[in-house]
Structures are given as structure tokens and as C-alpha cells.
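Participant: Sending over start_1.pdb (PDB, C-alpha atoms).
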ATOM      1  CA  MET P   1       0.000   0.000   0.000
ATOM      2  CA  ARG P   2       1.521   3.324  -1.078
ATOM      3  CA  ILE P   3       1.203   6.314   1.255
ATOM      4  CA  ALA P   4       2.236   9.770   0.068
ATOM      5  CA  LEU P   5       3.792  12.040   2.676
ATOM      6  CA  ILE P   6       3.741  15.724   1.764
ATOM      7  CA  HIS P   7       6.105  18.001   3.669
ATOM      8  CA  ALA P   8       6.774  21.732   3.982
ATOM      9  CA  LEU P   9       9.725  21.189   6.348
ATOM     10  CA  LYS P  10      12.591  18.780   5.697
ATOM     11  CA  HIS P  11      12.770  18.026   9.428
ATOM     12  CA  SER P  12       9.377  16.283   9.270
ATOM     13  CA  ILE P  13      10.622  13.401   7.139
ATOM     14  CA  GLY P  14      12.679  11.576   9.767
ATOM     15  CA  PRO P  15      10.022  11.536  12.525
ATOM     16  CA  ILE P  16       7.184  10.321  10.297
ATOM     17  CA  GLU P  17       9.338   7.625   8.688
ATOM     18  CA  ALA P  18      10.305   6.453  12.180
ATOM     19  CA  ALA P  19       6.629   6.345  13.200
ATOM     20  CA  PHE P  20       5.750   4.228  10.162
ATOM     21  CA  ALA P  21       8.700   1.930  10.816
ATOM     22  CA  ALA P  22       7.472   1.356  14.364
ATOM     23  CA  GLN P  23       3.732   1.033  13.688
ATOM     24  CA  TRP P  24       3.200   0.189  10.008
ATOM     25  CA  PRO P  25       6.431  -1.052   8.422
ATOM     26  CA  GLU P  26       4.578  -2.712   5.522
ATOM     27  CA  ALA P  27       3.463   0.650   4.084
ATOM     28  CA  ARG P  28       5.376   1.920   1.056
ATOM     29  CA  LEU P  29       6.181   5.594   1.544
ATOM     30  CA  ALA P  30       6.602   8.331  -1.061
ATOM     31  CA  ASN P  31       7.985  11.651   0.239
ATOM     32  CA  LEU P  32       7.159  14.922  -1.494
ATOM     33  CA  LEU P  33       8.937  18.014  -0.102
ATOM     34  CA  ASP P  34       8.537  21.714  -0.865
ATOM     35  CA  ASP P  35      10.245  23.541   1.992
ATOM     36  CA  SER P  36       9.776  26.880   0.254
ATOM     37  CA  LEU P  37       6.144  26.737   1.436
ATOM     38  CA  SER P  38       7.118  27.278   5.080
ATOM     39  CA  ALA P  39       9.547  30.017   4.095
ATOM     40  CA  ASP P  40       6.834  31.779   2.090
ATOM     41  CA  LEU P  41       4.312  31.487   4.928
ATOM     42  CA  ALA P  42       6.818  32.948   7.378
ATOM     43  CA  ARG P  43       7.460  35.801   4.943
ATOM     44  CA  ASP P  44       3.824  36.549   4.047
ATOM     45  CA  GLY P  45       2.313  35.900   7.467
ATOM     46  CA  LYS P  46      -0.799  34.304   5.962
ATOM     47  CA  ILE P  47      -1.961  31.553   3.647
ATOM     48  CA  THR P  48      -2.473  32.771   0.093
ATOM     49  CA  PRO P  49      -4.440  31.320  -2.848
ATOM     50  CA  ALA P  50      -1.130  30.568  -4.534
ATOM     51  CA  MET P  51      -0.094  28.370  -1.604
ATOM     52  CA  THR P  52      -3.367  26.456  -1.833
ATOM     53  CA  GLY P  53      -2.726  25.916  -5.531
ATOM     54  CA  ARG P  54       0.719  24.530  -4.790
ATOM     55  CA  PHE P  55      -0.719  22.109  -2.243
ATOM     56  CA  LEU P  56      -3.324  20.946  -4.742
ATOM     57  CA  ALA P  57      -0.585  20.352  -7.315
ATOM     58  CA  LEU P  58       1.354  18.193  -4.840
ATOM     59  CA  ALA P  59      -1.757  16.231  -3.875
ATOM     60  CA  ARG P  60      -2.711  15.625  -7.518
ATOM     61  CA  TYR P  61       0.804  14.425  -8.249
ATOM     62  CA  ALA P  62       0.642  12.015  -5.306
ATOM     63  CA  ALA P  63      -2.704  10.643  -6.449
ATOM     64  CA  GLY P  64      -1.424  10.268  -9.990
ATOM     65  CA  ALA P  65       1.582   8.341  -8.706
ATOM     66  CA  GLY P  66      -0.684   5.716  -7.189
ATOM     67  CA  ALA P  67      -1.007   6.803  -3.580
ATOM     68  CA  GLN P  68      -3.886   5.181  -1.710
ATOM     69  CA  GLY P  69      -3.698   7.670   1.124
ATOM     70  CA  ILE P  70      -2.049  11.049   1.710
ATOM     71  CA  LEU P  71      -0.671  12.439   4.946
ATOM     72  CA  PHE P  72       0.349  16.078   5.168
ATOM     73  CA  THR P  73       2.994  16.801   7.787
ATOM     74  CA  CYS P  74       2.832  20.610   7.726
ATOM     75  CA  SER P  75       0.671  21.759  10.636
ATOM     76  CA  ALA P  76       0.358  25.437   9.672
ATOM     77  CA  PHE P  77      -1.518  24.883   6.373
ATOM     78  CA  GLY P  78      -4.920  23.568   7.447
ATOM     79  CA  PRO P  79      -7.059  25.405   4.841
ATOM     80  CA  CYS P  80      -4.799  24.216   2.019
ATOM     81  CA  ILE P  81      -5.115  20.627   3.195
ATOM     82  CA  ASP P  82      -8.901  20.955   3.487
ATOM     83  CA  ALA P  83      -8.988  21.933  -0.193
ATOM     84  CA  CYS P  84      -6.976  18.837  -1.100
ATOM     85  CA  ALA P  85      -9.243  16.575   0.943
ATOM     86  CA  ARG P  86     -12.344  17.927  -0.787
ATOM     87  CA  GLU P  87     -10.872  17.409  -4.237
ATOM     88  CA  LEU P  88      -9.508  13.896  -3.654
ATOM     89  CA  ALA P  89     -12.404  12.428  -1.637
ATOM     90  CA  PRO P  90     -13.008   9.580  -0.947
ATOM     91  CA  MET P  91      -9.240   8.959  -0.767
ATOM     92  CA  PRO P  92      -8.084   9.345   2.866
ATOM     93  CA  VAL P  93      -6.292  12.705   3.153
ATOM     94  CA  LEU P  94      -5.148  13.474   6.676
ATOM     95  CA  LYS P  95      -4.227  16.758   8.243
ATOM     96  CA  PRO P  96      -1.124  16.414  10.372
ATOM     97  CA  ASN P  97      -2.973  17.451  13.530
ATOM     98  CA  GLU P  98      -6.355  15.773  13.434
ATOM     99  CA  ALA P  99      -5.388  12.377  14.827
ATOM    100  CA  MET P 100      -3.351  13.845  17.668
ATOM    101  CA  ILE P 101      -6.143  16.266  18.560
ATOM    102  CA  GLU P 102      -8.605  13.371  18.775
ATOM    103  CA  GLU P 103      -6.277  11.412  21.041
ATOM    104  CA  ALA P 104      -5.478  14.449  23.212
ATOM    105  CA  VAL P 105      -9.149  15.276  23.787
ATOM    106  CA  ALA P 106      -9.779  11.668  24.753
ATOM    107  CA  ARG P 107      -7.141  11.999  27.482
ATOM    108  CA  GLY P 108      -8.193  15.281  29.091
ATOM    109  CA  ARG P 109      -9.675  18.751  28.778
ATOM    110  CA  ARG P 110      -6.514  20.749  29.552
ATOM    111  CA  ILE P 111      -3.967  20.376  26.766
ATOM    112  CA  GLY P 112      -0.521  21.917  26.629
ATOM    113  CA  LEU P 113       0.379  22.653  23.009
ATOM    114  CA  LEU P 114       4.036  23.209  22.133
ATOM    115  CA  ALA P 115       5.225  24.441  18.732
ATOM    116  CA  THR P 116       8.502  25.685  17.284
ATOM    117  CA  PHE P 117       6.971  27.441  14.237
ATOM    118  CA  PRO P 118       4.926  30.548  15.154
ATOM    119  CA  ALA P 119       2.306  30.108  12.421
ATOM    120  CA  THR P 120       1.335  26.748  13.899
ATOM    121  CA  LEU P 121       0.111  28.413  17.082
ATOM    122  CA  ALA P 122      -2.116  30.675  15.002
ATOM    123  CA  SER P 123      -3.684  27.902  12.916
ATOM    124  CA  MET P 124      -3.854  24.893  15.216
ATOM    125  CA  PRO P 125      -5.691  25.896  18.448
ATOM    126  CA  PRO P 126      -8.976  26.590  16.578
ATOM    127  CA  GLU P 127      -8.915  22.967  15.371
ATOM    128  CA  PHE P 128      -9.607  21.755  18.915
ATOM    129  CA  PRO P 129     -13.264  21.268  19.875
ATOM    130  CA  ARG P 130     -15.078  23.747  22.066
ATOM    131  CA  GLY P 131     -14.826  23.137  25.779
ATOM    132  CA  VAL P 132     -11.163  22.168  25.619
ATOM    133  CA  GLU P 133      -8.625  24.440  27.267
ATOM    134  CA  VAL P 134      -5.573  24.733  25.028
ATOM    135  CA  LYS P 135      -2.441  26.199  26.571
ATOM    136  CA  PRO P 136      -0.165  27.149  23.663
ATOM    137  CA  ALA P 137       3.532  27.871  23.985
ATOM    138  CA  LEU P 138       6.146  28.748  21.383
ATOM    139  CA  VAL P 139       9.553  27.144  21.893
ATOM    140  CA  GLU P 140      11.805  30.046  20.982
ATOM    141  CA  GLY P 141      14.989  29.141  19.169
ATOM    142  CA  ALA P 142      14.262  25.431  18.800
ATOM    143  CA  LEU P 143      13.550  25.411  15.070
ATOM    144  CA  ALA P 144      16.621  27.557  14.401
ATOM    145  CA  ALA P 145      18.688  25.053  16.383
ATOM    146  CA  LEU P 146      17.324  22.184  14.293
ATOM    147  CA  ASP P 147      17.972  24.134  11.102
ATOM    148  CA  GLY P 148      21.539  24.603  12.268
ATOM    149  CA  GLY P 149      22.042  20.907  12.931
ATOM    150  CA  ASP P 150      21.889  21.139  16.731
ATOM    151  CA  ALA P 151      19.216  18.527  17.476
ATOM    152  CA  GLU P 152      20.312  18.245  21.109
ATOM    153  CA  ARG P 153      19.610  21.940  21.721
ATOM    154  CA  HIS P 154      16.249  21.615  19.956
ATOM    155  CA  ASP P 155      15.187  18.744  22.205
ATOM    156  CA  ARG P 156      16.407  20.485  25.353
ATOM    157  CA  LEU P 157      14.515  23.690  24.553
ATOM    158  CA  VAL P 158      11.323  21.748  23.872
ATOM    159  CA  ALA P 159      11.625  19.876  27.179
ATOM    160  CA  GLU P 160      12.335  23.072  29.105
ATOM    161  CA  SER P 161       9.255  24.737  27.629
ATOM    162  CA  ALA P 162       7.143  21.703  28.493
ATOM    163  CA  VAL P 163       8.204  21.910  32.134
ATOM    164  CA  ARG P 164       6.880  25.473  32.270
ATOM    165  CA  LEU P 165       3.394  24.365  31.196
ATOM    166  CA  LYS P 166       1.205  24.075  34.282
ATOM    167  CA  ASP P 167      -2.052  22.212  35.009
ATOM    168  CA  CYS P 168      -2.110  20.128  31.819
ATOM    169  CA  ASP P 169      -3.618  16.660  31.457
ATOM    170  CA  VAL P 170      -1.530  15.930  28.371
ATOM    171  CA  ILE P 171       1.198  17.642  26.356
ATOM    172  CA  ALA P 172       0.864  17.737  22.575
ATOM    173  CA  LEU P 173       3.872  18.382  20.338
ATOM    174  CA  ALA P 174       2.361  20.261  17.440
ATOM    175  CA  GLN P 175       4.863  19.583  14.652
ATOM    176  CA  PHE P 176       6.232  16.406  13.125
ATOM    177  CA  SER P 177       9.765  17.755  13.554
ATOM    178  CA  MET P 178       9.222  17.770  17.339
ATOM    179  CA  GLY P 179       8.453  14.061  17.578
ATOM    180  CA  ARG P 180      12.112  13.314  18.275
ATOM    181  CA  ALA P 181      11.815  15.166  21.621
ATOM    182  CA  ALA P 182       8.820  13.200  22.951
ATOM    183  CA  ASP P 183      10.712  10.896  25.307
ATOM    184  CA  ARG P 184      12.678  13.786  26.753
ATOM    185  CA  VAL P 185       9.505  15.788  27.348
ATOM    186  CA  ALA P 186       7.843  12.824  29.054
ATOM    187  CA  GLN P 187      10.837  12.323  31.325
ATOM    188  CA  ALA P 188      11.016  16.022  32.203
ATOM    189  CA  THR P 189       7.319  16.480  32.947
ATOM    190  CA  GLY P 190       5.972  13.095  34.013
ATOM    191  CA  ARG P 191       2.909  13.761  31.850
ATOM    192  CA  PRO P 192       1.495  11.888  28.853
ATOM    193  CA  VAL P 193       2.988  13.193  25.609
ATOM    194  CA  LEU P 194       1.403  12.889  22.176
ATOM    195  CA  THR P 195       3.125  13.445  18.850
ATOM    196  CA  THR P 196       1.604  14.140  15.477
ATOM    197  CA  PRO P 197       3.571  11.376  13.661
ATOM    198  CA  ALA P 198       2.546   8.505  15.934
ATOM    199  CA  SER P 199      -1.098   9.577  16.117
ATOM    200  CA  ALA P 200      -1.316  10.134  12.365
ATOM    201  CA  VAL P 201       0.050   6.694  11.481
ATOM    202  CA  ARG P 202      -2.467   5.020  13.788
ATOM    203  CA  LYS P 203      -5.382   6.914  12.238
ATOM    204  CA  LEU P 204      -4.323   6.450   8.622
ATOM    205  CA  ARG P 205      -3.717   2.733   9.082
ATOM    206  CA  ALA P 206      -7.190   2.321  10.564
ATOM    207  CA  ALA P 207      -8.774   4.438   7.781
ATOM    208  CA  LEU P 208      -7.257   2.175   5.124
ATOM    209  CA  GLY P 209      -8.273  -1.013   6.914
ATOM    210  CA  ALA P 210      -4.705  -2.155   7.374
ATOM    211  CA  GLY P 211      -5.215  -3.459  10.906
TER     212      GLY P 211
END
Rewrite the structure from the file as C-alpha cells, please.

Facilitator:
Amino acid sequence: MRIALIHALKHSIGPIEAAFAAQWPEARLANLLDDSLSADLARDGKITPAMTGRFLALARYAAGAGAQGILFTCSAFGPCIDACARELAPMPVLKPNEAMIEEAVARGRRIGLLATFPATLASMPPEFPRGVEVKPALVEGALAALDGGDAERHDRLVAESAVRLKDCDVIALAQFSMGRAADRVAQATGRPVLTTPASAVRKLRAALGAG
């Protein structure tokens, strides 16, 4: 079964491939990357029609290449992904956040949400259902550390930010690139930690009837 993974950050590839290896090793993965999308969003400060068109082009390419399901790993582009899902229905097209949000809400009503990309904290909290208290926090400097090849600093900054979150039932790491820090966050906080890669693989596998 071929699954297309569409990325706007190169750092997302490793964590989602690791999640598939752990939970669904039989899936055949096809990675599509356009990291200029994140750079353009950071520059423009908003999603534009041109960005949506670029997402649709990537999704159409994936479908044409034989994908039976598509997983987007870029958490700041929800409206673009919605457009792809509408066009490609009934093919399963998953937002990066939806599975983790479902699992987080099932665990508690107070959710600490950590992100390293500012636009994610603008787009993602409204995706949570009403009645849930989301406590967002930006991990300053972590993404720059990862960009610079300092993964240890990235993980440490994420864990330190998680410790500062108070009165949370569960901690959600908002971006695929943060999945690598999950164990460190759990050790530092003693709280349940959810990652977008692990949750997404579980949901997509179930949606495609793969057990």
C-alpha cells in the first residue's frame, strides 16, 4: 500500500518515517517536499491562494503516482489541506494534527500545546473542539537550532518549555519535527505526551483497513 507524505519542512521526514517503521512497516512511503512553502508562509504571514494551488498540485501528483492515502505533515496549512481533501475524496487525506487532537481530547480537557513554528500556534488551536482548554507555547529558538544541525539543543529547549506548562492533562507536540523530543519531554514532565507522527500513522492505518 503506497502512502504519500507531503512536507513543507525537511525536518518532518525523519520523525514520520520512524513512526511508520514502528507502527506500520509494511506501508510503502513516497515523500514529497517543498520547503519553500514554510519560508513563504513565514514571509507573508498568511496563507495565500497561490499556496493552496501549490498544495493541490502536490496532492494531484501524489494521487497520480498511485497513492492510496495522503498524509500532510505541515501543521500550519490547514485550509490548504482541506482543499486537497475535498478534491480527492473519498481517498483518505489526513491533516497532520487531526489524529493527535482526537487522542489528546480523549485523554483530558486541559492540553498543553508546544510548537517551534509561530504560524502553527495561530492555525492549530482553533482545530480543537469547544470546551477544551488549550495552553499554547512557542519554543523560541528550537527550530533555528534544528535548522543549524543542533538537534540536542532543539530537544532540550522543547523539554524546558514543556516543564513550564502548568495544570495540563496531556502535552501535545504540534509539529512532526518535534516528535524526536517526545521521550525527553515525558521524562522532564511526568505527563502523557502525544506526537503528530505517531497519532497520524495510527489513524491512517485504521482508515485504510490495514489493521

Participant: Between P:Arg86, P:Arg180, P:Lys135, P:Arg54, which is the closest to P:Ser161 once you count all atoms listed in the file?

Facilitator: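 Among P:Arg86, P:Arg180, P:Lys135, P:Arg54, it is P:Lys135 that comes nearest to P:Ser161.
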
Participant: Using atom CA of P:Arg202 and atom CA of P:Leu94 as the two end points, give the distance in Å to one decimal.

Facilitator: 11.4 Å

Participant: Find the spatial neighbours of stretch 61-65 of chain P, counting all atoms listed in the file, within a cut-off of 7 Å - ignore same-chain residues fewer than 3 positions away - and output them as an NGL selection string.

Facilitator: :P and (4 or 57-58)

Participant: Go through P:Leu138, P:Ala144, P:Ala159, P:Ile101 and flag the residue nearest P:Ala182, using only C-alpha atoms for the distances.

Facilitator: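 Of the candidates, the smallest distance to P:Ala182 is held by P:Ala159.
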
Participant: Using only C-alpha atoms, pick whichever of P:Thr120, P:Ser38, P:Thr73, P:Gln68 has the shortest atom-to-atom distance to P:Gly209.

Facilitator: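 Going through P:Thr120, P:Ser38, P:Thr73, P:Gln68 one by one, the smallest distance to P:Gly209 is for P:Gln68.
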
Participant: Using all atoms listed in the file, which residues sit within 6 Å of stretch 25-27 of chain P once same-chain residues fewer than 2 positions away are excluded, as a PyMOL selection string?

Facilitator: chain P and resi 1+20-21

Participant: Write the residues of the selection above to a file with C-alpha atoms, as a PDB file, in the coordinates of the input.

Facilitator:
ATOM      1  CA  MET P   1       0.000   0.000   0.000  1.00  0.00           C
ATOM      2  CA  PHE P  20       5.750   4.228  10.162  1.00  0.00           C
ATOM      3  CA  ALA P  21       8.700   1.930  10.816  1.00  0.00           C
TER       4      ALA P  21
END
